[in-house]
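The structure file data_8.cif is reproduced below (mmCIF, C-alpha atoms).
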data_target
#
loop_
_atom_site.group_PDB
_atom_site.id
_atom_site.type_symbol
_atom_site.label_atom_id
_atom_site.label_comp_id
_atom_site.auth_asym_id
_atom_site.auth_seq_id
_atom_site.Cartn_x
_atom_site.Cartn_y
_atom_site.Cartn_z
ATOM 1 C CA MET A 1 -21.841 -1.147 -8.505
ATOM 2 C CA ILE A 2 -20.739 -4.047 -6.348
ATOM 3 C CA GLU A 3 -22.542 -6.660 -8.377
ATOM 4 C CA ASN A 4 -21.517 -5.302 -11.775
ATOM 5 C CA LYS A 5 -17.937 -4.680 -10.525
ATOM 6 C CA MET A 6 -17.989 -0.937 -11.210
ATOM 7 C CA LEU A 7 -16.170 -0.675 -7.900
ATOM 8 C CA SER A 8 -12.640 -2.062 -7.974
ATOM 9 C CA ALA A 9 -11.756 -5.150 -5.929
ATOM 10 C CA THR A 10 -9.809 -2.874 -3.566
ATOM 11 C CA ASP A 11 -12.873 -0.680 -3.102
ATOM 12 C CA ARG A 12 -15.125 -3.691 -2.533
ATOM 13 C CA HIS A 13 -12.666 -5.038 0.039
ATOM 14 C CA GLY A 14 -12.438 -1.624 1.705
ATOM 15 C CA MET A 15 -16.190 -1.297 1.828
ATOM 16 C CA LEU A 16 -16.553 -4.684 3.519
ATOM 17 C CA SER A 17 -13.759 -3.819 5.926
ATOM 18 C CA ASP A 18 -15.500 -0.561 6.905
ATOM 19 C CA ARG A 19 -18.871 -2.254 7.313
ATOM 20 C CA PHE A 20 -17.375 -4.983 9.508
ATOM 21 C CA ALA A 21 -15.558 -2.396 11.631
ATOM 22 C CA LEU A 22 -18.863 -0.548 12.112
ATOM 23 C CA LEU A 23 -20.493 -3.832 13.095
ATOM 24 C CA LYS A 24 -17.791 -4.485 15.699
ATOM 25 C CA ALA A 25 -18.214 -0.949 17.023
ATOM 26 C CA GLY A 26 -21.969 -1.464 17.409
ATOM 27 C CA GLU A 27 -22.735 1.132 14.728
ATOM 28 C CA LEU A 28 -24.252 -1.418 12.335
ATOM 29 C CA GLY A 29 -26.596 -4.316 13.037
ATOM 30 C CA LEU A 30 -25.811 -7.939 12.196
ATOM 31 C CA THR A 31 -28.918 -8.210 9.990
ATOM 32 C CA GLU A 32 -27.810 -5.191 7.983
ATOM 33 C CA PHE A 33 -24.293 -6.568 7.585
ATOM 34 C CA ILE A 34 -25.596 -9.943 6.414
ATOM 35 C CA LYS A 35 -27.899 -8.115 3.989
ATOM 36 C CA ASP A 36 -24.876 -6.210 2.617
ATOM 37 C CA LEU A 37 -23.128 -9.502 1.904
ATOM 38 C CA GLY A 38 -26.017 -10.476 -0.352
ATOM 39 C CA HIS A 39 -24.620 -7.978 -2.871
ATOM 40 C CA PHE A 40 -21.426 -10.014 -3.135
ATOM 41 C CA ASP A 41 -23.081 -13.082 -4.641
ATOM 42 C CA ALA A 42 -21.082 -12.793 -7.848
ATOM 43 C CA GLU A 43 -17.792 -12.021 -6.126
ATOM 44 C CA ASP A 44 -14.824 -13.766 -7.709
ATOM 45 C CA ASP A 45 -11.853 -11.707 -6.580
ATOM 46 C CA PRO A 46 -9.738 -13.180 -3.768
ATOM 47 C CA LEU A 47 -9.350 -9.838 -1.976
ATOM 48 C CA PRO A 48 -13.025 -9.174 -1.127
ATOM 49 C CA LEU A 49 -13.676 -12.901 -0.796
ATOM 50 C CA SER A 50 -10.996 -13.200 1.896
ATOM 51 C CA ARG A 51 -12.615 -10.287 3.756
ATOM 52 C CA ILE A 52 -16.043 -11.929 3.549
ATOM 53 C CA PHE A 53 -14.817 -15.285 4.848
ATOM 54 C CA ASP A 54 -12.686 -13.691 7.603
ATOM 55 C CA SER A 55 -15.667 -11.660 8.805
ATOM 56 C CA LEU A 56 -18.098 -14.593 8.776
ATOM 57 C CA PHE A 57 -15.580 -16.878 10.494
ATOM 58 C CA LEU A 58 -15.067 -14.323 13.273
ATOM 59 C CA LEU A 59 -18.830 -13.975 13.677
ATOM 60 C CA LEU A 60 -19.243 -17.754 13.935
ATOM 61 C CA MET A 61 -16.630 -17.751 16.686
ATOM 62 C CA VAL A 62 -18.268 -15.119 18.859
ATOM 63 C CA LEU A 63 -22.023 -15.451 18.294
ATOM 64 C CA ASP A 64 -24.314 -17.787 20.167
ATOM 65 C CA GLU A 65 -26.248 -20.534 18.349
ATOM 66 C CA THR A 66 -29.187 -18.221 17.567
ATOM 67 C CA GLY A 67 -26.913 -15.664 15.906
ATOM 68 C CA ARG A 68 -24.909 -18.284 14.059
ATOM 69 C CA GLY A 69 -27.868 -19.491 11.981
ATOM 70 C CA PRO A 70 -28.034 -16.612 9.479
ATOM 71 C CA VAL A 71 -24.225 -16.363 9.419
ATOM 72 C CA ARG A 72 -23.935 -20.059 8.572
ATOM 73 C CA ASP A 73 -26.595 -19.778 5.856
ATOM 74 C CA THR A 74 -24.852 -16.756 4.329
ATOM 75 C CA LEU A 75 -21.471 -18.467 4.457
ATOM 76 C CA LYS A 76 -22.856 -21.588 2.797
ATOM 77 C CA GLY A 77 -24.597 -19.550 0.070
ATOM 78 C CA ILE A 78 -21.480 -17.528 -0.762
ATOM 79 C CA LEU A 79 -19.242 -20.599 -0.646
ATOM 80 C CA GLU A 80 -21.488 -22.481 -3.065
ATOM 81 C CA LYS A 81 -21.549 -19.559 -5.485
ATOM 82 C CA THR A 82 -17.795 -19.104 -5.146
ATOM 83 C CA PHE A 83 -17.260 -22.746 -6.036
ATOM 84 C CA ASP A 84 -19.594 -22.327 -9.010
ATOM 85 C CA ILE A 85 -17.562 -19.350 -10.208
ATOM 86 C CA THR A 86 -14.052 -20.538 -9.436
ATOM 87 C CA GLY A 87 -14.623 -24.196 -10.153
ATOM 88 C CA HIS A 88 -14.484 -27.057 -7.694
ATOM 89 C CA LEU A 89 -14.126 -30.767 -8.170
ATOM 90 C CA PRO A 90 -15.302 -32.576 -5.049
ATOM 91 C CA GLY A 91 -12.858 -35.283 -3.971
ATOM 92 C CA MET B 1 -6.631 -0.060 11.518
ATOM 93 C CA ASN B 2 -8.007 -2.569 13.997
ATOM 94 C CA ARG B 3 -5.159 -1.982 16.455
ATOM 95 C CA ASP B 4 -5.517 1.774 16.004
ATOM 96 C CA ALA B 5 -9.246 1.604 16.835
ATOM 97 C CA LEU B 6 -8.537 0.394 20.365
ATOM 98 C CA ASN B 7 -8.733 2.897 23.180
ATOM 99 C CA ASP B 8 -5.124 2.296 24.228
ATOM 100 C CA THR B 9 -3.629 3.082 20.830
ATOM 101 C CA ILE B 10 -0.620 5.378 20.547
ATOM 102 C CA PRO B 11 0.533 8.010 18.049
ATOM 103 C CA ILE B 12 3.213 7.018 15.523
ATOM 104 C CA GLU B 13 5.496 9.672 16.987
ATOM 105 C CA ILE B 14 5.192 10.725 20.592
ATOM 106 C CA PRO B 15 5.298 14.521 20.926
ATOM 107 C CA GLY B 16 8.239 15.742 23.012
ATOM 108 C CA GLY B 17 10.783 13.377 21.499
ATOM 109 C CA ASP B 18 10.119 10.368 23.735
ATOM 110 C CA HIS B 19 10.870 7.097 22.015
ATOM 111 C CA VAL B 20 8.311 4.368 21.415
ATOM 112 C CA VAL B 21 9.450 0.855 22.254
ATOM 113 C CA ILE B 22 8.824 -1.377 19.255
ATOM 114 C CA ASN B 23 6.998 -4.548 20.269
ATOM 115 C CA SER B 24 3.969 -6.558 19.161
ATOM 116 C CA SER B 25 1.655 -3.879 20.518
ATOM 117 C CA THR B 26 3.295 -0.808 18.976
ATOM 118 C CA ALA B 27 4.585 -2.307 15.700
ATOM 119 C CA PRO B 28 1.144 -2.353 14.002
ATOM 120 C CA ILE B 29 0.915 1.381 14.632
ATOM 121 C CA ILE B 30 4.457 2.343 13.684
ATOM 122 C CA TYR B 31 4.792 0.133 10.617
ATOM 123 C CA SER B 32 1.294 -0.675 9.362
ATOM 124 C CA LYS B 33 -0.335 2.670 10.135
ATOM 125 C CA GLY B 34 2.854 4.424 9.046
ATOM 126 C CA GLY B 35 2.622 2.694 5.664
ATOM 127 C CA GLY B 36 -1.119 3.330 5.545
ATOM 128 C CA ILE B 37 -0.828 7.093 5.911
ATOM 129 C CA LEU B 38 1.970 7.227 3.314
ATOM 130 C CA ARG B 39 -0.378 5.372 0.938
ATOM 131 C CA GLN B 40 -3.081 7.891 1.809
ATOM 132 C CA MET B 41 -0.698 10.702 0.883
ATOM 133 C CA ALA B 42 0.244 8.999 -2.398
ATOM 134 C CA GLY B 43 -3.448 8.618 -3.251
ATOM 135 C CA PHE B 44 -3.964 12.345 -2.703
ATOM 136 C CA THR B 45 -0.846 13.723 -4.416
ATOM 137 C CA GLY B 46 -0.900 11.147 -7.216
ATOM 138 C CA GLU B 47 1.730 8.447 -7.564
ATOM 139 C CA SER B 48 3.890 10.432 -9.947
ATOM 140 C CA ALA B 49 4.275 13.433 -7.619
ATOM 141 C CA PHE B 50 4.774 11.076 -4.682
ATOM 142 C CA ALA B 51 7.574 9.251 -6.536
ATOM 143 C CA ASP B 52 9.166 12.593 -7.486
ATOM 144 C CA GLY B 53 9.125 13.590 -3.819
ATOM 145 C CA LEU B 54 10.749 10.313 -2.799
ATOM 146 C CA PHE B 55 13.528 10.749 -5.380
ATOM 147 C CA ARG B 56 14.057 14.314 -4.232
ATOM 148 C CA TYR B 57 14.276 13.169 -0.599
ATOM 149 C CA LEU B 58 16.721 10.350 -1.397
ATOM 150 C CA GLU B 59 18.925 12.571 -3.550
ATOM 151 C CA THR B 60 19.000 15.454 -1.075
ATOM 152 C CA HIS B 61 19.899 13.252 1.884
ATOM 153 C CA SER B 62 22.028 10.589 0.215
ATOM 154 C CA TYR B 63 24.963 9.570 2.432
ATOM 155 C CA GLY B 64 23.555 11.771 5.170
ATOM 156 C CA CYS B 65 21.018 11.718 7.982
ATOM 157 C CA ALA B 66 17.378 12.651 7.646
ATOM 158 C CA LYS B 67 14.252 12.906 9.757
ATOM 159 C CA SER B 68 10.543 12.504 9.004
ATOM 160 C CA ALA B 69 10.091 16.229 8.401
ATOM 161 C CA ASP B 70 12.640 16.091 5.561
ATOM 162 C CA LEU B 71 10.489 13.557 3.721
ATOM 163 C CA TRP B 72 7.343 15.639 4.227
ATOM 164 C CA GLU B 73 9.193 18.686 2.888
ATOM 165 C CA ALA B 74 10.357 16.833 -0.240
ATOM 166 C CA LEU B 75 6.853 15.476 -0.897
ATOM 167 C CA GLU B 76 5.393 18.934 -0.360
ATOM 168 C CA THR B 77 7.773 20.516 -2.874
ATOM 169 C CA ALA B 78 7.071 17.826 -5.463
ATOM 170 C CA SER B 79 3.285 17.826 -5.075
ATOM 171 C CA ASN B 80 2.546 21.441 -4.139
ATOM 172 C CA GLN B 81 0.246 20.092 -1.427
ATOM 173 C CA PRO B 82 0.463 20.865 2.343
ATOM 174 C CA VAL B 83 2.102 17.505 3.090
ATOM 175 C CA SER B 84 4.018 18.696 6.188
ATOM 176 C CA ARG B 85 0.891 19.970 7.931
ATOM 177 C CA ILE B 86 -1.064 16.830 7.093
ATOM 178 C CA MET B 87 1.621 14.335 8.080
ATOM 179 C CA GLU B 88 2.626 16.156 11.281
ATOM 180 C CA SER B 89 -0.954 15.822 12.440
ATOM 181 C CA TRP B 90 -1.325 12.175 11.423
ATOM 182 C CA VAL B 91 1.923 10.978 13.037
ATOM 183 C CA LYS B 92 1.343 12.826 16.297
ATOM 184 C CA GLN B 93 -2.377 12.209 16.785
ATOM 185 C CA ALA B 94 -3.499 8.808 18.045
ATOM 186 C CA GLY B 95 -6.359 7.004 16.332
ATOM 187 C CA HIS B 96 -8.032 7.627 13.005
ATOM 188 C CA PRO B 97 -11.279 9.197 11.841
ATOM 189 C CA LEU B 98 -14.721 7.921 10.951
ATOM 190 C CA ILE B 99 -16.244 9.987 8.158
ATOM 191 C CA THR B 100 -20.014 10.024 7.986
ATOM 192 C CA ALA B 101 -21.596 10.940 4.664
ATOM 193 C CA THR B 102 -25.156 12.192 4.423
ATOM 194 C CA ARG B 103 -26.763 13.295 1.186
ATOM 195 C CA ALA B 104 -29.638 15.763 0.995
ATOM 196 C CA GLY B 105 -30.557 16.694 -2.559
ATOM 197 C CA ASP B 106 -27.450 17.808 -4.351
ATOM 198 C CA THR B 107 -25.466 18.438 -1.182
ATOM 199 C CA LEU B 108 -23.216 15.801 0.311
ATOM 200 C CA THR B 109 -22.364 16.565 3.926
ATOM 201 C CA LEU B 110 -19.307 14.923 5.459
ATOM 202 C CA SER B 111 -18.591 14.957 9.172
ATOM 203 C CA GLN B 112 -15.617 13.483 10.990
ATOM 204 C CA GLY B 113 -14.845 12.210 14.472
ATOM 205 C CA ARG B 114 -12.575 9.612 16.020
ATOM 206 C CA PHE B 115 -13.392 5.982 15.295
ATOM 207 C CA SER B 116 -13.024 3.436 18.075
ATOM 208 C CA PHE B 117 -14.547 0.065 18.838
ATOM 209 C CA LEU B 118 -15.569 1.201 22.314
ATOM 210 C CA PRO B 119 -17.046 4.595 23.243
ATOM 211 C CA ARG B 120 -14.362 7.079 24.296
ATOM 212 C CA GLY B 121 -16.194 10.278 25.154
ATOM 213 C CA ASP B 122 -13.697 12.375 23.179
ATOM 214 C CA ASP B 123 -14.735 11.429 19.675
ATOM 215 C CA ALA B 124 -14.814 15.008 18.399
ATOM 216 C CA ALA B 125 -11.205 14.965 17.160
ATOM 217 C CA VAL B 126 -10.381 16.478 13.768
ATOM 218 C CA TRP B 127 -7.730 15.336 11.279
ATOM 219 C CA PRO B 128 -6.603 17.064 8.096
ATOM 220 C CA ILE B 129 -7.861 14.328 5.789
ATOM 221 C CA PRO B 130 -6.696 14.241 2.183
ATOM 222 C CA MET B 131 -9.750 12.735 0.530
ATOM 223 C CA VAL B 132 -10.232 11.289 -2.928
ATOM 224 C CA ILE B 133 -13.934 11.014 -3.820
ATOM 225 C CA ARG B 134 -15.343 9.337 -6.912
ATOM 226 C CA LEU B 135 -18.706 10.469 -8.292
ATOM 227 C CA TRP B 136 -20.850 8.648 -10.854
ATOM 228 C CA ASP B 137 -23.619 10.018 -13.008
ATOM 229 C CA GLN B 138 -26.741 8.121 -14.102
ATOM 230 C CA ASN B 139 -25.059 6.867 -17.254
ATOM 231 C CA GLY B 140 -21.997 5.462 -15.559
ATOM 232 C CA GLY B 141 -19.844 8.516 -16.342
ATOM 233 C CA GLN B 142 -17.539 9.380 -13.485
ATOM 234 C CA LYS B 143 -15.207 11.992 -12.091
ATOM 235 C CA VAL B 144 -12.725 12.084 -9.235
ATOM 236 C CA VAL B 145 -12.544 14.958 -6.774
ATOM 237 C CA ALA B 146 -9.625 15.482 -4.360
ATOM 238 C CA ARG B 147 -10.526 17.564 -1.317
ATOM 239 C CA MET B 148 -8.804 18.453 1.941
ATOM 240 C CA PHE B 149 -11.193 17.808 4.824
ATOM 241 C CA ASP B 150 -9.780 19.596 7.875
ATOM 242 C CA ALA B 151 -12.878 20.745 9.752
ATOM 243 C CA PRO B 152 -15.547 18.937 11.782
ATOM 244 C CA SER B 153 -17.801 18.979 8.715
ATOM 245 C CA MET B 154 -17.696 19.881 5.048
ATOM 246 C CA GLU B 155 -20.183 20.097 2.193
ATOM 247 C CA ILE B 156 -19.653 18.926 -1.350
ATOM 248 C CA ASP B 157 -21.804 19.865 -4.318
ATOM 249 C CA MET B 158 -22.872 16.655 -6.040
ATOM 250 C CA ASP B 159 -23.555 18.589 -9.239
ATOM 251 C CA GLY B 160 -26.319 16.199 -10.248
ATOM 252 C CA MET B 161 -24.171 13.082 -9.826
ATOM 253 C CA ALA B 162 -26.055 9.947 -8.828
ATOM 254 C CA ALA B 163 -23.645 8.003 -6.636
ATOM 255 C CA TYR B 164 -20.429 8.502 -4.736
ATOM 256 C CA ASN B 165 -17.599 6.702 -2.986
ATOM 257 C CA ILE B 166 -15.899 8.827 -0.318
ATOM 258 C CA ASN B 167 -12.725 6.729 -0.236
ATOM 259 C CA ASP B 168 -11.752 6.011 -3.828
ATOM 260 C CA GLY B 169 -9.243 3.198 -4.157
ATOM 261 C CA HIS B 170 -9.504 2.865 -0.382
ATOM 262 C CA THR B 171 -6.301 4.871 -0.020
ATOM 263 C CA GLY B 172 -7.700 7.011 2.795
ATOM 264 C CA PHE B 173 -6.814 5.916 6.333
ATOM 265 C CA TYR B 174 -10.309 6.349 7.715
ATOM 266 C CA ARG B 175 -13.546 4.459 8.125
ATOM 267 C CA SER B 176 -16.540 5.482 6.043
ATOM 268 C CA ARG B 177 -20.149 5.403 7.119
ATOM 269 C CA TYR B 178 -22.961 6.090 4.683
ATOM 270 C CA ALA B 179 -25.601 7.413 7.064
ATOM 271 C CA ASP B 180 -28.462 7.117 4.620
ATOM 272 C CA ALA B 181 -29.075 3.401 4.021
ATOM 273 C CA ALA B 182 -31.110 4.083 0.883
ATOM 274 C CA ASN B 183 -28.277 6.119 -0.518
ATOM 275 C CA TRP B 184 -25.781 3.377 0.316
ATOM 276 C CA ALA B 185 -27.929 0.932 -1.584
ATOM 277 C CA LYS B 186 -28.240 3.345 -4.489
ATOM 278 C CA SER B 187 -24.523 4.020 -4.572
ATOM 279 C CA PHE B 188 -23.142 0.569 -4.097
ATOM 280 C CA ALA B 189 -25.731 -2.117 -4.338
ATOM 281 C CA ALA B 190 -27.660 -0.837 -7.323
#

So that I can check it, write out the structure of this file as structure tokens.
Amino acid sequence: MIENKMLSATDRHGMLSDRFALLKAGELGLTEFIKDLGHFDAEDDPLPLSRIFDSLFLLLMVLDETGRGPVRDTLKGILEKTFDITGHLPG
Amino acid sequence: MNRDALNDTIPIEIPGGDHVVINSSTAPIIYSKGGGILRQMAGFTGESAFADGLFRYLETHSYGCAKSADLWEALETASNQPVSRIMESWVKQAGHPLITATRAGDTLTLSQGRFSFLPRGDDAAVWPIPMVIRLWDQNGGQKVVARMFDAPSMEIDMDGMAAYNINDGHTGFYRSRYADAANWAKSFAA
């Protein structure tokens, strides 16, 4: 329902927001959160996208180098797909 | 919601009539949470009834003075929902709930407690939560159920539906946790 957009952009944003809050509260593991983000590969709405990038940026700020690896890979993967979807002309 | 999930959060209105000083620490609660719980109410009553209540409130108190309870009363009359009881609790109780959903067969069990980033030791609080739940069947058909959740736990009959979202439109001012990972995947990632 995330991938085929059966959930509205507001719902997808809310879902990410809840999952990230649970992660910060220690109720959800980082691996599980990163796995969740894999369902947002085809995301093209700015609302959930902003939530994804905010969350990953915060994680990059607070994690050590070991933890940053999967976060960086996820960020790069989603960014590349976002550019594919939204269009990007490199300078 | 992030500010409200800290242990030192405050209620929107302090019981006893004491005034809250508005500053960078309290403003997110008074304004952002205040707006958030009004949106929650609008999601539950429906926008039309909510707008009717607002008009009623503005007309009744035009050129006069009004207090929060007057707005609740107008919304209650317009929507025929227990708005006063719900809002009194939400403006006077600090924090917000975490609702945990667990599905076993055709029964969806919801339980609530206070959400916070750090353990508090008093997480067993209960809010009267106006919930809007969306259910999907196997063929993509869907229905929306509005339920008042004002107990530590509540059961909902899934009536054969395949998937569910316990905060439709994300109007509810609460965090959701889908306790069964397989069910989360089935509901949202399928």

Open item on the list: What's the separation between CA of Ser116 (chain B) and CA of Ile166 (chain B), in Å to one decimal place?
Closed with: 19.4 Å

Residue contacts of Val126 (chain B) (12 Å, all atoms listed in the file) excluding same-chain residues fewer than 4 positions away, as a PDB file with C-alpha atoms, keeping the file's coordinate frame:
ATOM      1  CA  ILE B  86      -1.064  16.830   7.093  1.00  0.00           C
ATOM      2  CA  SER B  89      -0.954  15.822  12.440  1.00  0.00           C
ATOM      3  CA  TRP B  90      -1.325  12.175  11.423  1.00  0.00           C
ATOM      4  CA  GLN B  93      -2.377  12.209  16.785  1.00  0.00           C
ATOM      5  CA  ALA B  94      -3.499   8.808  18.045  1.00  0.00           C
ATOM      6  CA  GLY B  95      -6.359   7.004  16.332  1.00  0.00           C
ATOM      7  CA  HIS B  96      -8.032   7.627  13.005  1.00  0.00           C
ATOM      8  CA  PRO B  97     -11.279   9.197  11.841  1.00  0.00           C
ATOM      9  CA  LEU B  98     -14.721   7.921  10.951  1.00  0.00           C
ATOM     10  CA  ILE B  99     -16.244   9.987   8.158  1.00  0.00           C
ATOM     11  CA  SER B 111     -18.591  14.957   9.172  1.00  0.00           C
ATOM     12  CA  GLN B 112     -15.617  13.483  10.990  1.00  0.00           C
ATOM     13  CA  GLY B 113     -14.845  12.210  14.472  1.00  0.00           C
ATOM     14  CA  ARG B 114     -12.575   9.612  16.020  1.00  0.00           C
ATOM     15  CA  PHE B 115     -13.392   5.982  15.295  1.00  0.00           C
ATOM     16  CA  ASP B 122     -13.697  12.375  23.179  1.00  0.00           C
ATOM     17  CA  PHE B 149     -11.193  17.808   4.824  1.00  0.00           C
ATOM     18  CA  ASP B 150      -9.780  19.596   7.875  1.00  0.00           C
ATOM     19  CA  ALA B 151     -12.878  20.745   9.752  1.00  0.00           C
ATOM     20  CA  PRO B 152     -15.547  18.937  11.782  1.00  0.00           C
ATOM     21  CA  SER B 153     -17.801  18.979   8.715  1.00  0.00           C
ATOM     22  CA  MET B 154     -17.696  19.881   5.048  1.00  0.00           C
ATOM     23  CA  TYR B 174     -10.309   6.349   7.715  1.00  0.00           C
TER      24      TYR B 174
END

Open item on the list: List the spatial neighbours of region 45-61 of chain A as a PyMOL selection string - criterion: any atom at most 8 Å away, all atoms listed in the file, same-chain residues fewer than 3 positions off excluded.
Closed with: chain A and resi 9-10+12-13+16-17+20+37+68+71-72+75

- [ ] Do a neighbour search on Ala74 (chain B) at 10 Å with only C-alpha atoms, toss out local chain neighbours closer than 6 positions, and write the hits as a list in words.
- [x] Phe50, Asp52, Gly53, Leu54, Phe55, Arg56, Tyr57, Leu58, Thr60, Asn80, Val83 and Ser84 of chain B

Task: Distance-based interface of chain A with chain B, 9 Å, counting all atoms listed in the file, as a PyMOL selection string - done: chain A and resi 1-4+6-15+17-19+21-22+24-26+36+39

For the residues in the current selection, export C-alpha atoms as a PDB file, in the frame of the given file.
ATOM      1  CA  MET A   1     -21.841  -1.147  -8.505  1.00  0.00           C
ATOM      2  CA  ILE A   2     -20.739  -4.047  -6.348  1.00  0.00           C
ATOM      3  CA  GLU A   3     -22.542  -6.660  -8.377  1.00  0.00           C
ATOM      4  CA  ASN A   4     -21.517  -5.302 -11.775  1.00  0.00           C
ATOM      5  CA  MET A   6     -17.989  -0.937 -11.210  1.00  0.00           C
ATOM      6  CA  LEU A   7     -16.170  -0.675  -7.900  1.00  0.00           C
ATOM      7  CA  SER A   8     -12.640  -2.062  -7.974  1.00  0.00           C
ATOM      8  CA  ALA A   9     -11.756  -5.150  -5.929  1.00  0.00           C
ATOM      9  CA  THR A  10      -9.809  -2.874  -3.566  1.00  0.00           C
ATOM     10  CA  ASP A  11     -12.873  -0.680  -3.102  1.00  0.00           C
ATOM     11  CA  ARG A  12     -15.125  -3.691  -2.533  1.00  0.00           C
ATOM     12  CA  HIS A  13     -12.666  -5.038   0.039  1.00  0.00           C
ATOM     13  CA  GLY A  14     -12.438  -1.624   1.705  1.00  0.00           C
ATOM     14  CA  MET A  15     -16.190  -1.297   1.828  1.00  0.00           C
ATOM     15  CA  SER A  17     -13.759  -3.819   5.926  1.00  0.00           C
ATOM     16  CA  ASP A  18     -15.500  -0.561   6.905  1.00  0.00           C
ATOM     17  CA  ARG A  19     -18.871  -2.254   7.313  1.00  0.00           C
ATOM     18  CA  ALA A  21     -15.558  -2.396  11.631  1.00  0.00           C
ATOM     19  CA  LEU A  22     -18.863  -0.548  12.112  1.00  0.00           C
ATOM     20  CA  LYS A  24     -17.791  -4.485  15.699  1.00  0.00           C
ATOM     21  CA  ALA A  25     -18.214  -0.949  17.023  1.00  0.00           C
ATOM     22  CA  GLY A  26     -21.969  -1.464  17.409  1.00  0.00           C
ATOM     23  CA  ASP A  36     -24.876  -6.210   2.617  1.00  0.00           C
ATOM     24  CA  HIS A  39     -24.620  -7.978  -2.871  1.00  0.00           C
TER      25      HIS A  39
END

TODO: Step by step, work through what the PyMOL selection byres ((chain B and resi 31-35) around 9) selects in the shown file, and finish by giving those residues as a PyMOL selection string.
DONE: chain B and resi 1+4+12+26-30+36-40+91+173

TODO: Starting from the shown file, work through the PyMOL selection byres ((chain A and resi 78) around 10) and note down what comes out as an NGL selection string.
DONE: :A and (37-38 or 40-43 or 49 or 52-53 or 72-77 or 79-84)
